[in-house]
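Coordinates as given in model_5.cif (mmCIF, C-alpha atoms):
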data_target
loop_
_atom_site.label_atom_id
_atom_site.label_comp_id
_atom_site.auth_asym_id
_atom_site.auth_seq_id
_atom_site.Cartn_x
_atom_site.Cartn_y
_atom_site.Cartn_z
CA MET A 1 9.14 -11.38 8.29
CA LYS A 2 8.84 -15.06 7.49
CA TYR A 3 5.53 -14.78 5.67
CA VAL A 4 6.86 -12.96 2.60
CA LYS A 5 8.14 -15.97 0.63
CA PRO A 6 5.01 -18.12 1.17
CA ALA A 7 2.87 -15.08 0.32
CA ILE A 8 4.70 -14.60 -2.99
CA ALA A 9 4.27 -18.30 -3.78
CA LEU A 10 0.56 -18.21 -2.90
CA VAL A 11 -0.15 -15.04 -4.90
CA SER A 12 1.79 -16.41 -7.91
CA LEU A 13 -0.19 -19.64 -7.73
CA LEU A 14 -3.53 -17.81 -7.52
CA VAL A 15 -2.69 -15.48 -10.43
CA THR A 16 -1.53 -18.42 -12.57
CA LEU A 17 -4.63 -20.47 -11.75
CA SER A 18 -6.87 -17.47 -12.49
CA ILE A 19 -5.25 -16.95 -15.89
CA TRP A 20 -5.58 -20.67 -16.70
CA GLY A 21 -9.20 -20.55 -15.58
CA PHE A 22 -9.99 -17.62 -17.85
CA ILE A 23 -8.25 -19.28 -20.81
CA ALA A 24 -10.21 -22.50 -20.16
CA VAL A 25 -13.49 -20.55 -20.04
CA TYR A 26 -12.70 -18.77 -23.33
CA ARG A 27 -11.70 -22.05 -25.02
CA ALA A 28 -14.91 -23.68 -23.86
CA GLY A 29 -16.70 -21.16 -26.06
CA TYR A 30 -18.11 -18.90 -23.36
CA GLU A 31 -17.92 -15.22 -24.24
CA PRO A 32 -18.17 -12.94 -21.19
CA ASN A 33 -20.04 -9.64 -21.49
CA VAL A 34 -18.46 -6.23 -20.84
CA LEU A 35 -19.17 -6.34 -17.10
CA GLN A 36 -17.70 -9.81 -16.70
CA THR A 37 -14.64 -8.79 -18.73
CA ALA A 38 -14.19 -5.82 -16.38
CA ILE A 39 -14.42 -8.19 -13.40
CA ILE A 40 -11.76 -10.44 -14.94
CA ALA A 41 -9.54 -7.39 -15.52
CA ILE A 42 -9.94 -6.28 -11.88
CA ILE A 43 -9.05 -9.79 -10.65
CA LEU A 44 -5.91 -9.78 -12.77
CA ILE A 45 -4.90 -6.24 -11.77
CA SER A 46 -5.43 -7.07 -8.07
CA GLY A 47 -3.41 -10.27 -8.41
CA VAL A 48 -0.52 -8.59 -10.21
CA TYR A 49 -0.55 -5.73 -7.68
CA ALA A 50 -0.45 -8.18 -4.75
CA PHE A 51 2.45 -9.99 -6.43
CA MET A 52 4.35 -6.70 -6.91
CA VAL A 53 3.75 -5.64 -3.29
CA HIS A 54 5.07 -8.92 -1.95
CA MET A 55 8.08 -8.84 -4.26
CA ARG A 56 8.89 -5.35 -3.01
CA ARG A 57 8.58 -6.53 0.58
CA TYR A 58 10.85 -9.47 -0.16
CA ARG A 59 13.44 -7.15 -1.74
CA ASP A 60 13.24 -4.78 1.25
CA GLU A 61 13.66 -7.71 3.63
CA GLN A 62 16.77 -8.84 1.74
CA GLN A 63 18.20 -5.31 2.02
CA GLY A 64 17.60 -5.17 5.77
CA PHE A 65 14.54 -2.90 5.83
CA PRO A 66 11.39 -3.79 7.76
CA PRO A 67 8.46 -4.66 5.45
CA GLU A 68 6.19 -2.47 7.60
CA ASP A 69 6.97 0.46 9.86
CA GLU A 70 4.99 3.10 11.73
CA LEU A 71 4.40 5.28 8.65
CA SER A 72 3.31 2.40 6.42
CA ASN A 73 0.98 1.19 9.18
CA ARG A 74 -0.52 4.65 9.58
CA ILE A 75 -1.04 4.93 5.82
CA LYS A 76 -2.64 1.47 5.84
CA TYR A 77 -5.16 2.43 8.52
CA LYS A 78 -6.03 5.78 6.96
CA ALA A 79 -6.33 4.25 3.48
CA GLY A 80 -8.56 1.54 4.97
CA TYR A 81 -10.85 4.18 6.43
CA TYR A 82 -11.13 6.12 3.16
CA ALA A 83 -11.61 2.90 1.19
CA PHE A 84 -14.45 1.89 3.52
CA ILE A 85 -16.25 5.22 3.02
CA ALA A 86 -15.72 5.06 -0.77
CA SER A 87 -16.97 1.47 -0.86
CA MET A 88 -20.19 2.46 0.90
CA TYR A 89 -20.91 4.95 -1.89
CA VAL A 90 -20.00 2.37 -4.53
CA TRP A 91 -22.40 -0.17 -3.03
CA MET A 92 -25.12 2.47 -2.97
CA LEU A 93 -24.51 3.15 -6.68
CA ILE A 94 -24.50 -0.58 -7.45
CA PHE A 95 -27.92 -0.96 -5.84
CA LEU A 96 -29.21 2.12 -7.66
CA PHE A 97 -28.10 0.70 -11.02
CA LYS A 98 -28.86 -2.96 -10.33
CA ALA A 99 -31.31 -3.04 -13.22
CA PHE A 100 -28.31 -2.92 -15.59
CA ILE A 101 -26.55 -5.86 -13.88
CA PRO A 102 -27.49 -9.29 -15.28
CA ASP A 103 -27.63 -11.34 -12.05
CA ALA A 104 -27.03 -11.22 -8.30
CA GLU A 105 -23.74 -13.17 -8.49
CA THR A 106 -22.23 -10.67 -10.90
CA MET A 107 -23.46 -7.80 -8.74
CA LEU A 108 -21.99 -9.23 -5.52
CA GLY A 109 -18.77 -10.44 -7.11
CA GLY A 110 -18.26 -7.21 -9.01
CA GLY A 111 -19.05 -5.11 -5.95
CA ILE A 112 -16.58 -6.97 -3.75
CA LEU A 113 -13.88 -6.75 -6.41
CA LEU A 114 -14.58 -3.07 -6.97
CA SER A 115 -14.21 -2.47 -3.23
CA ALA A 116 -10.87 -4.30 -3.31
CA PHE A 117 -9.77 -2.25 -6.31
CA ILE A 118 -10.77 1.01 -4.57
CA SER A 119 -8.78 -0.07 -1.52
CA ILE A 120 -5.68 -0.75 -3.66
CA ALA A 121 -6.04 2.54 -5.54
CA ILE A 122 -6.47 4.64 -2.38
CA ARG A 123 -3.59 2.96 -0.59
CA ASN A 124 -1.35 3.41 -3.63
CA TYR A 125 -2.30 7.08 -3.89
CA MET A 126 -1.75 7.71 -0.18
CA THR A 127 1.62 5.94 -0.20
CA ARG A 128 2.82 8.45 -2.78
CA ASN A 129 1.05 11.58 -1.58
CA TYR A 130 0.72 11.19 2.18
CA ASP A 131 0.83 14.45 4.10
CA GLU A 132 -0.08 14.31 7.75
CA ASN A 133 -0.61 18.04 7.91
CA GLN A 134 -3.29 17.92 5.20
CA ASN A 135 -5.05 14.53 5.50
CA MET B 136 6.53 19.54 11.42
CA LYS B 137 9.87 20.96 10.32
CA THR B 138 12.96 18.91 10.94
CA ARG B 139 16.73 19.27 10.62
CA ILE B 140 17.13 15.61 9.65
CA LYS B 141 18.40 16.28 6.12
CA GLU B 142 20.90 18.90 7.32
CA LEU B 143 22.21 16.69 10.15
CA ARG B 144 22.27 13.58 7.99
CA THR B 145 24.25 15.16 5.15
CA ALA B 146 26.63 16.80 7.63
CA ARG B 147 27.47 13.31 8.88
CA GLY B 148 27.77 11.88 5.37
CA MET B 149 24.82 9.56 5.85
CA THR B 150 22.38 8.58 3.12
CA GLN B 151 18.65 8.15 3.68
CA VAL B 152 19.20 4.39 3.45
CA ASP B 153 21.86 4.51 6.17
CA LEU B 154 19.64 6.49 8.50
CA ALA B 155 16.61 4.30 7.78
CA LYS B 156 18.59 1.15 8.64
CA GLU B 157 20.04 2.80 11.73
CA VAL B 158 16.63 3.65 13.19
CA GLY B 159 14.83 0.58 11.79
CA VAL B 160 12.32 2.14 9.39
CA ARG B 161 11.72 2.08 5.63
CA ARG B 162 13.54 4.62 3.44
CA GLU B 163 10.21 6.21 2.47
CA THR B 164 9.66 7.15 6.11
CA ILE B 165 12.88 9.17 6.13
CA VAL B 166 11.83 10.85 2.86
CA PHE B 167 8.46 11.88 4.33
CA LEU B 168 10.11 13.03 7.58
CA GLU B 169 12.58 15.21 5.71
CA LYS B 170 9.77 16.75 3.67
CA GLY B 171 7.91 17.52 6.89
CA LYS B 172 4.92 15.44 5.78
CA TYR B 173 5.03 12.97 8.63
CA ASN B 174 5.07 13.55 12.38
CA PRO B 175 6.98 10.62 13.91
CA SER B 176 6.16 8.76 17.09
CA LEU B 177 8.05 9.77 20.21
CA GLN B 178 9.98 6.50 19.99
CA LEU B 179 11.15 7.16 16.42
CA ALA B 180 11.94 10.81 17.16
CA HIS B 181 14.05 9.64 20.12
CA LYS B 182 15.89 7.08 17.96
CA ILE B 183 16.66 9.68 15.29
CA ALA B 184 17.82 12.26 17.83
CA SER B 185 20.01 9.63 19.51
CA THR B 186 21.57 8.75 16.16
CA PHE B 187 22.67 12.38 15.83
CA ASP B 188 23.59 12.62 19.56
CA MET B 189 21.18 15.50 19.96
CA ALA B 190 18.06 16.32 21.92
CA ILE B 191 14.69 15.73 20.22
CA GLU B 192 13.82 19.43 20.29
CA ASP B 193 17.05 20.24 18.40
CA VAL B 194 16.12 17.88 15.56
CA PHE B 195 12.36 18.42 15.33
CA LEU B 196 11.11 22.00 15.23
CA LEU B 197 7.52 23.01 15.87
#

Would you write the structure of this file as C-alpha coordinates?
Amino acid sequence: MKYVKPAIALVSLLVTLSIWGFIAVYRAGYEPNVLQTAIIAIILISGVYAFMVHMRRYRDEQQGFPPEDELSNRIKYKAGYYAFIASMYVWMLIFLFKAFIPDAETMLGGGILLSAFISIAIRNYMTRNYDENQN
Amino acid sequence: MKTRIKELRTARGMTQVDLAKEVGVRRETIVFLEKGKYNPSLQLAHKIASTFDMAIEDVFLL
(Lines of atoms letter the chains of each structure in order from A and count residues from 1; the text may use other names and numbers.)
(Lines give C-alpha, C1' and ligand atoms only; values in the text may rest on other atoms or scores of the structure.)
Protein backbone atom coordinates (compact mmCIF):
# COMPACT_ATOMS: atom_id res chain seq x y z
CA MET A 1 0.00 0.00 0.00
CA LYS A 2 1.47 3.29 -1.14
CA TYR A 3 -0.64 5.46 1.15
CA VAL A 4 1.02 4.43 4.41
CA LYS A 5 4.03 6.78 4.30
CA PRO A 6 2.03 9.90 3.33
CA ALA A 7 -0.56 8.97 5.98
CA ILE A 8 2.14 8.80 8.68
CA ALA A 9 3.51 12.17 7.55
CA LEU A 10 0.03 13.74 7.53
CA VAL A 11 -0.94 12.37 10.95
CA SER A 12 2.41 13.46 12.44
CA LEU A 13 1.92 16.95 11.01
CA LEU A 14 -1.63 17.21 12.37
CA VAL A 15 -0.63 15.99 15.85
CA THR A 16 2.32 18.40 15.95
CA LEU A 17 0.19 21.34 14.79
CA SER A 18 -2.51 20.46 17.34
CA ILE A 19 0.03 20.40 20.17
CA TRP A 20 1.49 23.73 19.03
CA GLY A 21 -2.01 25.15 18.81
CA PHE A 22 -2.86 24.10 22.35
CA ILE A 23 0.43 25.50 23.68
CA ALA A 24 -0.25 28.80 21.86
CA VAL A 25 -3.75 28.97 23.35
CA TYR A 26 -2.43 28.34 26.88
CA ARG A 27 0.33 30.95 26.46
CA ALA A 28 -2.19 33.49 25.24
CA GLY A 29 -3.73 33.25 28.70
CA TYR A 30 -6.87 31.30 27.83
CA GLU A 31 -7.74 28.66 30.40
CA PRO A 32 -10.06 25.95 29.03
CA ASN A 33 -12.73 24.49 31.31
CA VAL A 34 -12.98 20.79 32.20
CA LEU A 35 -15.06 19.92 29.12
CA GLN A 36 -12.68 21.71 26.76
CA THR A 37 -9.70 20.02 28.42
CA ALA A 38 -11.41 16.66 27.86
CA ILE A 39 -11.92 17.56 24.19
CA ILE A 40 -8.23 18.45 23.86
CA ALA A 41 -7.31 15.12 25.49
CA ILE A 42 -9.55 13.19 23.06
CA ILE A 43 -7.98 15.01 20.09
CA LEU A 44 -4.50 14.09 21.30
CA ILE A 45 -5.42 10.47 22.07
CA SER A 46 -7.05 10.09 18.63
CA GLY A 47 -4.02 11.62 16.92
CA VAL A 48 -1.53 9.44 18.77
CA TYR A 49 -3.67 6.35 18.09
CA ALA A 50 -3.85 7.16 14.36
CA PHE A 51 -0.08 7.62 14.33
CA MET A 52 0.46 4.25 16.05
CA VAL A 53 -1.93 2.47 13.66
CA HIS A 54 -0.13 3.84 10.62
CA MET A 55 3.28 3.02 12.05
CA ARG A 56 2.12 -0.56 12.62
CA ARG A 57 0.84 -0.74 9.06
CA TYR A 58 4.15 0.59 7.78
CA ARG A 59 6.06 -2.01 9.81
CA ASP A 60 3.78 -4.78 8.53
CA GLU A 61 4.26 -3.57 4.96
CA GLN A 62 8.04 -3.67 5.41
CA GLN A 63 7.79 -7.26 6.70
CA GLY A 64 5.70 -8.37 3.73
CA PHE A 65 2.27 -8.54 5.38
CA PRO A 66 -0.79 -6.87 3.89
CA PRO A 67 -1.95 -3.84 5.93
CA GLU A 68 -5.55 -5.10 5.64
CA ASP A 69 -6.93 -8.57 5.08
CA GLU A 70 -10.34 -10.23 5.20
CA LEU A 71 -10.40 -10.53 9.01
CA SER A 72 -9.31 -6.94 9.64
CA ASN A 73 -11.91 -5.75 7.12
CA ARG A 74 -14.63 -7.78 8.81
CA ILE A 75 -13.63 -6.40 12.22
CA LYS A 76 -13.65 -2.88 10.73
CA TYR A 77 -17.21 -3.24 9.42
CA LYS A 78 -18.56 -4.83 12.60
CA ALA A 79 -16.81 -2.26 14.80
CA GLY A 80 -18.24 0.49 12.59
CA TYR A 81 -21.75 -0.87 13.11
CA TYR A 82 -21.37 -1.07 16.90
CA ALA A 83 -19.75 2.37 17.02
CA PHE A 84 -22.68 3.82 15.06
CA ILE A 85 -25.23 2.37 17.50
CA ALA A 86 -23.18 3.54 20.51
CA SER A 87 -22.82 7.02 19.00
CA MET A 88 -26.59 7.32 18.61
CA TYR A 89 -26.99 6.75 22.35
CA VAL A 90 -24.18 9.20 23.10
CA TRP A 91 -25.82 11.91 20.98
CA MET A 92 -29.10 11.27 22.78
CA LEU A 93 -27.34 11.73 26.13
CA ILE A 94 -25.61 14.88 24.88
CA PHE A 95 -28.96 16.41 23.96
CA LEU A 96 -30.46 15.35 27.29
CA PHE A 97 -27.62 17.04 29.20
CA LYS A 98 -27.14 20.03 26.90
CA ALA A 99 -27.97 22.40 29.74
CA PHE A 100 -24.56 21.56 31.25
CA ILE A 101 -22.68 22.31 28.00
CA PRO A 102 -21.59 25.95 27.61
CA ASP A 103 -22.25 26.47 23.88
CA ALA A 104 -23.32 24.75 20.67
CA GLU A 105 -19.78 24.60 19.24
CA THR A 106 -18.49 22.71 22.26
CA MET A 107 -21.48 20.38 22.12
CA LEU A 108 -21.03 19.58 18.41
CA GLY A 109 -17.25 19.38 18.55
CA GLY A 110 -17.28 17.28 21.69
CA GLY A 111 -19.98 14.99 20.33
CA ILE A 112 -18.12 14.36 17.08
CA LEU A 113 -14.88 13.70 18.94
CA LEU A 114 -16.62 11.42 21.40
CA SER A 115 -18.07 9.44 18.49
CA ALA A 116 -14.57 9.13 17.02
CA PHE A 117 -13.21 8.02 20.39
CA ILE A 118 -15.98 5.41 20.76
CA SER A 119 -15.16 4.12 17.28
CA ILE A 120 -11.46 3.77 18.17
CA ALA A 121 -12.24 2.08 21.48
CA ILE A 122 -14.68 -0.43 19.97
CA ARG A 123 -12.38 -1.28 17.08
CA ASN A 124 -9.45 -1.73 19.45
CA TYR A 125 -11.53 -3.98 21.71
CA MET A 126 -12.82 -6.07 18.80
CA THR A 127 -9.34 -6.46 17.31
CA ARG A 128 -8.25 -8.13 20.54
CA ASN A 129 -11.39 -10.04 21.44
CA TYR A 130 -13.05 -10.89 18.13
CA ASP A 131 -14.98 -14.15 18.15
CA GLU A 132 -17.17 -14.84 15.17
CA ASN A 133 -19.10 -17.51 17.03
CA GLN A 134 -20.16 -15.05 19.74
CA ASN A 135 -20.47 -11.61 18.09
CA MET B 1 -15.16 -23.66 13.52
CA LYS B 2 -12.48 -26.13 14.56
CA THR B 3 -9.38 -26.39 12.43
CA ARG B 4 -6.26 -28.53 12.19
CA ILE B 5 -4.14 -25.58 11.08
CA LYS B 6 -1.90 -25.52 14.16
CA GLU B 7 -1.31 -29.28 14.02
CA LEU B 8 -0.54 -29.26 10.28
CA ARG B 9 1.57 -26.12 10.51
CA THR B 10 3.77 -27.38 13.34
CA ALA B 11 4.12 -30.78 11.65
CA ARG B 12 5.63 -28.97 8.68
CA GLY B 13 7.85 -26.78 10.85
CA MET B 14 6.08 -23.61 9.81
CA THR B 15 5.54 -20.60 12.05
CA GLN B 16 2.38 -18.50 12.05
CA VAL B 17 4.35 -15.80 10.24
CA ASP B 18 5.41 -18.25 7.52
CA LEU B 19 1.86 -19.43 6.97
CA ALA B 20 0.47 -15.89 7.01
CA LYS B 21 2.96 -14.79 4.33
CA GLU B 22 2.28 -17.92 2.30
CA VAL B 23 -1.47 -17.30 2.13
CA GLY B 24 -1.24 -13.48 2.08
CA VAL B 25 -2.93 -12.52 5.35
CA ARG B 26 -1.87 -10.84 8.60
CA ARG B 27 -0.43 -12.99 11.39
CA GLU B 28 -3.40 -12.13 13.63
CA THR B 29 -5.70 -13.85 11.14
CA ILE B 30 -3.80 -17.11 11.56
CA VAL B 31 -3.97 -16.71 15.36
CA PHE B 32 -7.76 -16.26 15.26
CA LEU B 33 -8.15 -19.15 12.80
CA GLU B 34 -6.17 -21.49 15.03
CA LYS B 35 -8.25 -20.48 18.04
CA GLY B 36 -11.40 -21.23 16.06
CA LYS B 37 -12.64 -17.66 16.49
CA TYR B 38 -12.79 -16.81 12.81
CA ASN B 39 -14.50 -18.59 9.94
CA PRO B 40 -12.42 -17.88 6.82
CA SER B 41 -13.71 -17.12 3.35
CA LEU B 42 -13.79 -19.99 0.88
CA GLN B 43 -10.86 -18.40 -0.94
CA LEU B 44 -8.68 -18.27 2.19
CA ALA B 45 -9.71 -21.77 3.27
CA HIS B 46 -8.71 -23.02 -0.20
CA LYS B 47 -5.34 -21.25 -0.02
CA ILE B 48 -4.59 -22.72 3.41
CA ALA B 49 -5.65 -26.22 2.37
CA SER B 50 -3.52 -25.93 -0.79
CA THR B 51 -0.51 -24.89 1.31
CA PHE B 52 -0.85 -28.16 3.22
CA ASP B 53 -1.70 -30.15 0.04
CA MET B 54 -4.95 -31.25 1.60
CA ALA B 55 -8.65 -30.93 0.94
CA ILE B 56 -10.53 -28.10 2.69
CA GLU B 57 -12.68 -30.54 4.67
CA ASP B 58 -9.54 -32.19 6.08
CA VAL B 59 -8.26 -28.88 7.44
CA PHE B 60 -11.49 -27.24 8.59
CA LEU B 61 -13.85 -29.32 10.72
CA LEU B 62 -17.47 -28.44 11.35

Which residues of segment 5-107 of chain A come within 9 Å of segment 147-162 of chain B, and for each one, what is the closest pair of atoms and their distance in Å to one decimal, counting all atoms listed in the file, sorted by chain and residue number, as a tab-separated table?
residue	atom	partner	partner_atom	distance
A:Asp60	CA	B:Arg161	CA	8.3
A:Gly64	CA	B:Lys156	CA	7.0
A:Phe65	CA	B:Arg161	CA	5.7
A:Pro66	CA	B:Val160	CA	6.2
A:Pro67	CA	B:Arg161	CA	7.5
A:Glu68	CA	B:Arg161	CA	7.4
A:Asp69	CA	B:Val160	CA	5.6
A:Glu70	CA	B:Val160	CA	7.8
A:Leu71	CA	B:Arg161	CA	8.5
A:Ser72	CA	B:Arg161	CA	8.5

Here's a test: counting all atoms listed in the file, identify every protein, DNA and RNA residue with an atom at most 9 Å from (19.6, 15.6, 16.9) in the file's coordinate frame, and state them as a list of chain:residue names.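 Checked against the point, the hits come out as B:Arg139, B:Ile140, B:Leu143, B:His181, B:Ile183, B:Ala184, B:Ser185, B:Thr186, B:Phe187, B:Asp188, B:Met189, B:Ala190, B:Ile191, B:Glu192, B:Asp193, B:Val194, B:Phe195.
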
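A straight line drawn from atom CA of Lys76 of chain A to atom CA of Leu113 of chain A is 18.5 Å long.
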
Work out how far apart atom CA of Phe51 of chain A and atom CA of Trp91 of chain A are and give it in Å to one decimal.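 That distance, rounded to one decimal, is 26.9 Å.
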
Ground truth for the PyMOL selection byres ((chain A and resi 111) around 10), written as a count of residues only: 19

May I ask for the distance between atom CA of Arg123 of chain A and atom CA of Val11 of chain A, given in Å to one decimal place? 18.8 Å

Selection result of the PyMOL selection byres ((chain A and resi 79-84) around 7) on this file, as a ChimeraX atom specification: /A:75-78,85-88,118-119,122-123,126

Could you write out as a PyMOL selection string the residues that the PyMOL selection byres ((chain A and resi 34) around 12) matches in the shown file? chain A and resi 31-33+35-41+100-102+106+110

Since we have the selection now, will you write its residues out, keeping C-alpha atoms, as a CSV table (one decimal), in the frame of the given file?
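Ended up saving to again.csv:
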chain,number,residue,atom,x,y,z
A,31,GLU,CA,-17.9,-15.2,-24.2
A,32,PRO,CA,-18.2,-12.9,-21.2
A,33,ASN,CA,-20.0,-9.6,-21.5
A,35,LEU,CA,-19.2,-6.3,-17.1
A,36,GLN,CA,-17.7,-9.8,-16.7
A,37,THR,CA,-14.6,-8.8,-18.7
A,38,ALA,CA,-14.2,-5.8,-16.4
A,39,ILE,CA,-14.4,-8.2,-13.4
A,40,ILE,CA,-11.8,-10.4,-14.9
A,41,ALA,CA,-9.5,-7.4,-15.5
A,100,PHE,CA,-28.3,-2.9,-15.6
A,101,ILE,CA,-26.6,-5.9,-13.9
A,102,PRO,CA,-27.5,-9.3,-15.3
A,106,THR,CA,-22.2,-10.7,-10.9
A,110,GLY,CA,-18.3,-7.2,-9.0

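Residue nearest Pro175 of chain B, chosen from A:Ser46, A:Arg74, A:Val53, A:Ala99 and counting all atoms listed in the file: A:Arg74.
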
Near-Leu10 of chain A list (12 Å; only C-alpha atoms; drop same-chain fewer than 5 positions) as a PyMOL selection string: chain A and resi 3-5+15-17+47+50-51+54

Contacts of segment 69-134 of chain A with segment 166-170 of chain B up to 10 Å, shortest pair per row, all atoms listed in the file, as CSV:
residue,atom,partner,partner_atom,distance
A:Leu71,CA,B:Phe167,CA,8.9
A:Arg128,CA,B:Phe167,CA,9.7
A:Asn129,CA,B:Phe167,CA,9.5
A:Tyr130,CA,B:Phe167,CA,8.1
A:Asp131,CA,B:Phe167,CA,8.1
A:Glu132,CA,B:Phe167,CA,9.5

Choose the residue, out of A:Leu96, A:Gln63, A:Ile45, A:Gly21, that has the smallest atom-to-atom separation from chain B; count all atoms listed in the file.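 Of A:Leu96, A:Gln63, A:Ile45, A:Gly21, the one nearest chain B, counting all atoms listed in the file, is A:Gln63.
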
So which one's closest to chain A, B:Thr145, B:Tyr173, B:Glu163, B:Lys137? Using all atoms listed in the file, please. B:Tyr173

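You can rank A:Ser18, A:Ala9, A:Tyr49, A:Tyr30 by their closest distance to Asn124 of chain A using all atoms listed in the file, and at the top of that list sits A:Tyr49.
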
Regenerate segment 141-158 of chain B at the level of N, CA and C atoms and dump it as a short mmCIF file (atom, residue, chain, number, x, y, z; two decimals), keeping the file's coordinate frame.
data_model
loop_
_atom_site.label_atom_id
_atom_site.label_comp_id
_atom_site.auth_asym_id
_atom_site.auth_seq_id
_atom_site.Cartn_x
_atom_site.Cartn_y
_atom_site.Cartn_z
N LYS B 141 17.60 16.27 7.35
CA LYS B 141 18.40 16.28 6.12
C LYS B 141 19.75 16.96 6.36
N GLU B 142 19.68 18.11 7.03
CA GLU B 142 20.90 18.90 7.32
C GLU B 142 21.88 18.07 8.18
N LEU B 143 21.36 17.46 9.23
CA LEU B 143 22.21 16.69 10.15
C LEU B 143 22.74 15.43 9.48
N ARG B 144 21.88 14.82 8.67
CA ARG B 144 22.27 13.58 7.99
C ARG B 144 23.40 13.84 6.99
N THR B 145 23.22 14.86 6.16
CA THR B 145 24.25 15.16 5.15
C THR B 145 25.55 15.63 5.81
N ALA B 146 25.42 16.34 6.92
CA ALA B 146 26.63 16.80 7.63
C ALA B 146 27.46 15.62 8.13
N ARG B 147 26.77 14.51 8.40
CA ARG B 147 27.47 13.31 8.88
C ARG B 147 27.79 12.33 7.75
N GLY B 148 27.49 12.74 6.53
CA GLY B 148 27.77 11.88 5.37
C GLY B 148 26.91 10.63 5.30
N MET B 149 25.73 10.73 5.87
CA MET B 149 24.82 9.56 5.85
C MET B 149 23.83 9.70 4.70
N THR B 150 23.45 8.57 4.12
CA THR B 150 22.38 8.58 3.12
C THR B 150 21.06 8.29 3.84
N GLN B 151 19.96 8.47 3.10
CA GLN B 151 18.65 8.15 3.68
C GLN B 151 18.57 6.67 4.03
N VAL B 152 19.19 5.84 3.20
CA VAL B 152 19.20 4.39 3.45
C VAL B 152 19.94 4.09 4.75
N ASP B 153 21.08 4.74 4.95
CA ASP B 153 21.86 4.51 6.17
C ASP B 153 21.04 4.86 7.41
N LEU B 154 20.41 6.04 7.34
CA LEU B 154 19.64 6.49 8.50
C LEU B 154 18.44 5.58 8.75
N ALA B 155 17.78 5.18 7.65
CA ALA B 155 16.61 4.30 7.78
C ALA B 155 17.01 2.98 8.46
N LYS B 156 18.14 2.41 8.04
CA LYS B 156 18.59 1.15 8.64
C LYS B 156 18.99 1.36 10.09
N GLU B 157 19.59 2.50 10.37
CA GLU B 157 20.04 2.80 11.73
C GLU B 157 18.86 2.86 12.72
N VAL B 158 17.77 3.49 12.27
CA VAL B 158 16.63 3.65 13.19
C VAL B 158 15.55 2.59 12.97
#
